[in-house]
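**Q** Here you go, one structure.
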Amino acid sequence: MEIILASNNKEKLREITHILQPFGIKVISQAESGFNIEVEETGKTFAENAVLKAEAIHKLYGKPVISDDSGLQVDYLHGEPGVYSKRYAGENASYEEKIHKILHSMEETKEEERTARFVCAICYIDEKGEKHIFQESCEGSILREPRGENGFAYDPIFLYQDKSFAEMSEEEKNAVSHRGKALKKMAEYFREL
């Protein structure tokens, strides 16, 4: 089975391919499908944004599509950056700038005030056009400075137990991450089929 990922994010494609490959599922990027569009993420929740992206590609292609929307919610920042994780600190800000904004905002916090979670909502639209939503989260906290060389986005400042996501191997991260758990839920759905 071939599924289009409604994204051109190479890290996301690698992560999703790694988890779904054992099920005989080939995942191709949006660009590889021939439809390279940018969908405006106007939803108020991760699930709403995931549906918007999947629907846009499904309408063009008519084949199975996966999309996800994920982000970081920091309790001290009242859930920010949340659905604005990608655009936090400005539309063209680098992840270094976004990370700096979070760390700067939290300079005076105590350790117990640094709780946070990653959330991921995956929308799978099957060949019949039916939508399936799989949502998961991963609880952790925000480090005082970035750690690690792996991962992407906010991974260097997200502490899960004793390691940042950027200090974990791909296998370690996939076992506990928000996206990894949501993809496993989706994989269970495929297994039941």
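By order of appearance in the structure tokens: chains A, B, ..., then residues from 1 within every chain, and ligands from 1 in the order shown.
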Residues of stretch 49-102 of chain A within 10 Å of stretch 124-138 of chain A: nearest atom pair and distance (Å, one decimal) for each, counting only C-alpha atoms, sorted by chain and number, as CSV?
**A**
residue,atom,partner,partner_atom,distance
A:Ala50,CA,A:Ile133,CA,8.6
A:Val51,CA,A:Lys131,CA,7.9
A:Ala54,CA,A:Ile125,CA,6.8
A:Glu55,CA,A:Ile125,CA,7.6
A:Ile57,CA,A:Ile125,CA,9.8
A:His58,CA,A:Ile125,CA,7.3
A:Lys59,CA,A:Gly129,CA,9.1
A:Gly62,CA,A:Glu127,CA,7.0
A:Lys63,CA,A:Glu127,CA,5.4
A:Pro64,CA,A:Asp126,CA,4.6
A:Val65,CA,A:Ile125,CA,5.3
A:Ile66,CA,A:Tyr124,CA,4.6
A:Ser67,CA,A:Tyr124,CA,6.7
A:Asp68,CA,A:Tyr124,CA,8.7
A:Asp69,CA,A:Gln135,CA,9.7
A:Ser70,CA,A:Ser137,CA,9.3
A:Gly71,CA,A:Ser137,CA,9.6
A:Leu72,CA,A:Ser137,CA,9.6
A:Gln73,CA,A:Ser137,CA,10.0
**Q** Please provide the set of residues having any atom within 12 Å of A:Arg191, restricted to only C-alpha atoms, with same-chain residues fewer than 6 positions apart removed, written as a ChimeraX atom specification.
**A** /A:20,22-25,184-185
**Q** As a PyMOL selection string, please: every residue in chain A that DSSP puts in strand (DSSP E).
**A** chain A and resi 2-5+26-29+65-74+115-125+131-142+158-160+163-164
**Q** Save the residues we just selected, N, CA and C atoms, as a CSV table (one decimal), in the first residue's frame?
**A**
chain,number,residue,atom,x,y,z
A,2,GLU,N,0.5,2.2,-0.8
A,2,GLU,CA,1.2,3.5,-0.8
A,2,GLU,C,0.3,4.6,-0.2
A,3,ILE,N,0.9,5.4,0.7
A,3,ILE,CA,0.2,6.5,1.3
A,3,ILE,C,1.0,7.8,1.1
A,4,ILE,N,0.3,8.8,0.8
A,4,ILE,CA,1.0,10.1,0.7
A,4,ILE,C,1.0,10.8,2.1
A,5,LEU,N,2.2,11.3,2.4
A,5,LEU,CA,2.3,12.1,3.6
A,5,LEU,C,2.1,13.6,3.2
A,26,LYS,N,4.3,1.9,2.0
A,26,LYS,CA,5.2,2.8,1.5
A,26,LYS,C,4.7,4.2,1.6
A,27,VAL,N,5.5,5.0,2.3
A,27,VAL,CA,5.1,6.4,2.5
A,27,VAL,C,5.9,7.3,1.6
A,28,ILE,N,5.2,8.1,0.8
A,28,ILE,CA,5.9,9.1,-0.1
A,28,ILE,C,5.5,10.5,0.3
A,29,SER,N,6.4,11.4,0.0
A,29,SER,CA,6.2,12.8,0.4
A,29,SER,C,5.2,13.5,-0.5
A,65,VAL,N,-4.1,9.2,2.4
A,65,VAL,CA,-3.2,10.3,2.8
A,65,VAL,C,-3.1,10.2,4.3
A,66,ILE,N,-1.9,10.5,4.8
A,66,ILE,CA,-1.6,10.7,6.2
A,66,ILE,C,-1.1,12.2,6.3
A,67,SER,N,-1.7,12.8,7.4
A,67,SER,CA,-1.1,14.1,7.7
A,67,SER,C,-1.0,14.2,9.2
A,68,ASP,N,-0.2,15.0,9.7
A,68,ASP,CA,-0.1,15.2,11.2
A,68,ASP,C,0.0,16.6,11.5
A,69,ASP,N,-0.4,17.0,12.6
A,69,ASP,CA,-0.1,18.3,13.2
A,69,ASP,C,0.4,18.0,14.6
A,70,SER,N,1.5,18.6,14.9
A,70,SER,CA,2.0,18.3,16.3
A,70,SER,C,2.7,19.6,16.8
A,71,GLY,N,2.9,19.6,18.1
A,71,GLY,CA,3.5,20.8,18.6
A,71,GLY,C,3.8,20.6,20.1
A,72,LEU,N,4.4,21.6,20.6
A,72,LEU,CA,4.8,21.6,22.0
A,72,LEU,C,3.9,22.5,22.8
A,73,GLN,N,3.4,22.0,24.0
A,73,GLN,CA,2.6,22.8,24.9
A,73,GLN,C,3.3,23.0,26.2
A,74,VAL,N,3.6,24.2,26.5
A,74,VAL,CA,4.4,24.5,27.8
A,74,VAL,C,3.4,25.1,28.8
A,115,THR,N,6.9,22.1,33.3
A,115,THR,CA,6.2,21.0,32.7
A,115,THR,C,5.7,21.3,31.3
A,116,ALA,N,5.8,20.3,30.4
A,116,ALA,CA,5.4,20.5,29.0
A,116,ALA,C,5.0,19.2,28.4
A,117,ARG,N,4.4,19.2,27.3
A,117,ARG,CA,4.1,18.0,26.5
A,117,ARG,C,4.2,18.2,25.1
A,118,PHE,N,4.6,17.2,24.3
A,118,PHE,CA,4.4,17.2,22.9
A,118,PHE,C,3.1,16.5,22.6
A,119,VAL,N,2.3,17.1,21.6
A,119,VAL,CA,1.0,16.5,21.2
A,119,VAL,C,1.1,16.2,19.7
A,120,CYS,N,0.6,15.1,19.3
A,120,CYS,CA,0.5,14.8,17.9
A,120,CYS,C,-0.9,14.3,17.5
A,121,ALA,N,-1.5,14.8,16.5
A,121,ALA,CA,-2.7,14.3,15.9
A,121,ALA,C,-2.5,13.9,14.5
A,122,ILE,N,-2.8,12.6,14.2
A,122,ILE,CA,-2.6,12.1,12.8
A,122,ILE,C,-4.0,11.9,12.2
A,123,CYS,N,-4.1,12.4,11.0
A,123,CYS,CA,-5.3,12.1,10.2
A,123,CYS,C,-5.0,11.2,9.1
A,124,TYR,N,-5.6,10.1,9.0
A,124,TYR,CA,-5.5,9.1,7.9
A,124,TYR,C,-6.8,9.1,7.1
A,125,ILE,N,-6.8,9.4,5.9
A,125,ILE,CA,-7.9,9.4,5.0
A,125,ILE,C,-7.7,8.1,4.1
A,131,LYS,N,-12.2,9.4,7.3
A,131,LYS,CA,-11.2,10.0,8.1
A,131,LYS,C,-11.0,9.2,9.4
A,132,HIS,N,-9.8,9.0,9.8
A,132,HIS,CA,-9.5,8.4,11.1
A,132,HIS,C,-8.5,9.2,11.8
A,133,ILE,N,-8.7,9.6,13.0
A,133,ILE,CA,-7.8,10.4,13.8
A,133,ILE,C,-7.2,9.6,14.9
A,134,PHE,N,-5.9,9.8,15.1
A,134,PHE,CA,-5.1,9.1,16.1
A,134,PHE,C,-4.3,10.2,16.8
A,135,GLN,N,-4.6,10.4,18.1
A,135,GLN,CA,-3.9,11.5,18.9
A,135,GLN,C,-3.3,10.9,20.1
A,136,GLU,N,-2.0,11.4,20.4
A,136,GLU,CA,-1.3,11.0,21.5
A,136,GLU,C,-0.4,12.2,22.0
A,137,SER,N,0.1,12.0,23.2
A,137,SER,CA,1.0,13.0,23.8
A,137,SER,C,2.1,12.4,24.5
A,138,CYS,N,3.1,13.2,24.9
A,138,CYS,CA,4.3,12.7,25.6
A,138,CYS,C,4.6,13.8,26.7
A,139,GLU,N,4.5,13.4,27.9
A,139,GLU,CA,4.8,14.4,29.0
A,139,GLU,C,6.2,14.5,29.3
A,140,GLY,N,6.7,15.7,29.6
A,140,GLY,CA,8.1,16.0,29.9
A,140,GLY,C,8.2,17.3,30.6
A,141,SER,N,9.4,17.9,30.4
A,141,SER,CA,9.6,19.3,30.9
A,141,SER,C,10.6,20.0,30.0
A,142,ILE,N,10.8,21.3,30.2
A,142,ILE,CA,11.6,22.1,29.4
A,142,ILE,C,13.0,22.3,30.1
A,158,PHE,N,13.3,19.5,25.1
A,158,PHE,CA,12.3,18.7,25.7
A,158,PHE,C,12.9,17.5,26.4
A,159,LEU,N,12.8,17.5,27.7
A,159,LEU,CA,13.3,16.5,28.6
A,159,LEU,C,12.3,15.4,28.8
A,160,TYR,N,12.6,14.2,28.5
A,160,TYR,CA,11.8,13.0,28.8
A,160,TYR,C,12.6,12.1,29.7
A,163,LYS,N,16.7,12.2,29.5
A,163,LYS,CA,17.3,12.6,28.2
A,163,LYS,C,16.4,13.5,27.5
A,164,SER,N,17.0,14.4,26.7
A,164,SER,CA,16.3,15.3,25.8
A,164,SER,C,15.9,14.4,24.6
**Q** Mind the document's chain letters and residue numbers, and return as a VMD selection string the residues of stretch 54-180 of chain A that DSSP labels alpha helix (DSSP H).
**A** chain A and resid 54 to 61 95 to 105 170 to 176 178 to 180
**Q** So what do you get for atom CA of A:Ile37 versus atom CA of A:Glu11, distance-wise?
**A**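 Between atom CA of A:Ile37 and atom CA of A:Glu11 the gap works out to 18.5 Å.
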